[in-house]
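Worksheet: the structure to be examined is printed underneath.
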Amino acid sequence: MELFKAFWKGFASGMKKEGQMKTQREEPGKQSALAIIKEPPIQIVGECLSAQDFVRYVEELSFPHPLPTRIFLHHTWKPTLEEWRGLDSLYAIKAYYEKQLWEDESGHLHEGWTAGPHLFIADDGIWLFSDLRYDGVGVYGHNYRSRHVEMVGNYDAQRPSGPVLENTIVALGILHERLGLDIEKLNFHRDFSTKSCPGWAVEKEWIIPLVKEWIEEYRREKEKKLSALRRSLVRMIEDLLVPVNPQAALAKAAQARGLLGALTHEIPMEIDDRGYVVQLFAEALIVPVNEWDKVESLHEYEEDQVSTTRSKEDEERHAPPPRDSFDFQGEIR
């Protein structure tokens, strides 16, 4: 009997508590602390790369579809460059994000963002925060298919300079180039907010030409490397090649198709009472080691390497949602 009474007392107490929680949830304008959904800790990369290493990192990164459609530039405001402590600051920012409250589309309150900006750029390098392959959090209503780059420091009164500026130009340049995005369409946080971010001193008319210049130089260097590869292959087989008249139809066609060179002189032939000229040319195939299903001709490889265009159909298939759940209007301290 005592056991039954104890059970009934506990059961009744539980029902009363559940009823109170339900009333609190249903009462307009009030939300119980127990109703707040605590999100798991943010997973960050937490690595610092030099500008050169970051370029290689992005070049080798495999971005899943749908691809990002824009990149946002920010400044931290706080911490300032003087306050920046590398990894310690990165974890302090992570802890700050994990305490932020936000409301989802169903009206449920959450504590802790599920992601943050992708990069924090400081004098000591380019810090990887949220995974660049996936959406992060940076601008309210505009996080879908976006990437967010934070310059460490307050740039309301003066422009970034030195390593911060140099690293920022490299980061913006390689991301736009790798993702096939137009640098002229670079986004600032303040484009969609009353904040000054990335700082009133930072203007698109100033930063975009700097990044555009970097992209042009990057492309020139890449084309030089590709030309060097072709020249190296030709040197390896030059004793097999024969000289050709560059104005001849077959020679022009071979060059347009990216063939390495002629293996024979022109050979006249007759097929079904019609005259033809045949010439054999060398063609190179290339495949990444241990990725044997990715065979390309040298010409295809070169085109892939310099291509910066993306499918228009992909753009149309993946329209952004009407609302974004995450807000980025607070300060980073």
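By convention in this document, the chains of the structure tokens carry letters A, B, ... by their order, each chain's residues are numbered from 1, and ligands are numbered from 1 in the order they are shown.
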Next item on the list: Among the residues of stretch 60-253 of chain A, find those DSSP assigns to strand (DSSP E or B) from the backbone and print them as a PyMOL selection string.
Entry: chain A and resi 70-75+101-103+109-111+119-122+125-128+146-151+187-188
What are the closest atom pairs, with distances in Å to one decimal, for each residue of stretch 208-266 of chain A lying within 10 Å of stretch 159-167 of chain A, using only C-alpha atoms, rows by chain and rising residue number, as JSON lines?
{"residue": "A:Leu210", "atom": "CA", "partner": "A:Glu166", "partner_atom": "CA", "distance": 9.5}
{"residue": "A:Val211", "atom": "CA", "partner": "A:Glu166", "partner_atom": "CA", "distance": 9.6}
{"residue": "A:Trp214", "atom": "CA", "partner": "A:Glu166", "partner_atom": "CA", "distance": 10.0}
For the selection just defined, write its residues with C-alpha atoms to a file, as an mmCIF file, in the first residue's frame.
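The resulting result20.cif:
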data_model
loop_
_atom_site.group_PDB
_atom_site.id
_atom_site.type_symbol
_atom_site.label_atom_id
_atom_site.label_comp_id
_atom_site.auth_asym_id
_atom_site.auth_seq_id
_atom_site.Cartn_x
_atom_site.Cartn_y
_atom_site.Cartn_z
ATOM 1 C CA LEU A 210 42.667 44.675 -55.340
ATOM 2 C CA VAL A 211 41.068 41.226 -55.375
ATOM 3 C CA TRP A 214 45.096 39.081 -57.556
#
Check: What is the distance between atom CA of A:Phe281 and atom CA of A:Glu238, in Å to one decimal?
Finding: 12.2 Å
Checklist line | Counting only C-alpha atoms, the residue of A:Lys212, A:Leu73, A:Phe129, A:Asn187 that sits nearest A:Val149 | finding: A:Leu73
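Within the 9 Å cut-off around A:Glu39, using only C-alpha atoms and omitting residues fewer than 2 positions from it on the same chain, the listed residues are A:Ile37, A:Pro41, A:Ile42, A:Glu98, A:His110, A:Glu111, A:Gly112, A:Trp113, A:Thr114.
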Generate a file of the selected residues that holds C-alpha atoms, formatted as a PDB file, in the first residue's frame.
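Written file, selection.pdb:
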ATOM      1  CA  ILE A  37      16.395  23.818 -27.173  1.00  0.00           C
ATOM      2  CA  PRO A  41      28.675  22.494 -29.491  1.00  0.00           C
ATOM      3  CA  ILE A  42      29.806  24.008 -32.791  1.00  0.00           C
ATOM      4  CA  GLU A  98      27.138  28.750 -28.371  1.00  0.00           C
ATOM      5  CA  HIS A 110      17.219  27.646 -29.454  1.00  0.00           C
ATOM      6  CA  GLU A 111      20.415  28.337 -27.535  1.00  0.00           C
ATOM      7  CA  GLY A 112      23.640  28.127 -29.502  1.00  0.00           C
ATOM      8  CA  TRP A 113      24.312  28.555 -33.202  1.00  0.00           C
ATOM      9  CA  THR A 114      24.986  25.415 -35.212  1.00  0.00           C
TER      10      THR A 114
END
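Considering only C-alpha atoms, the residue among A:Tyr97, A:Phe188, A:Trp102, A:Phe120 positioned nearest to A:Thr80 is A:Phe120.
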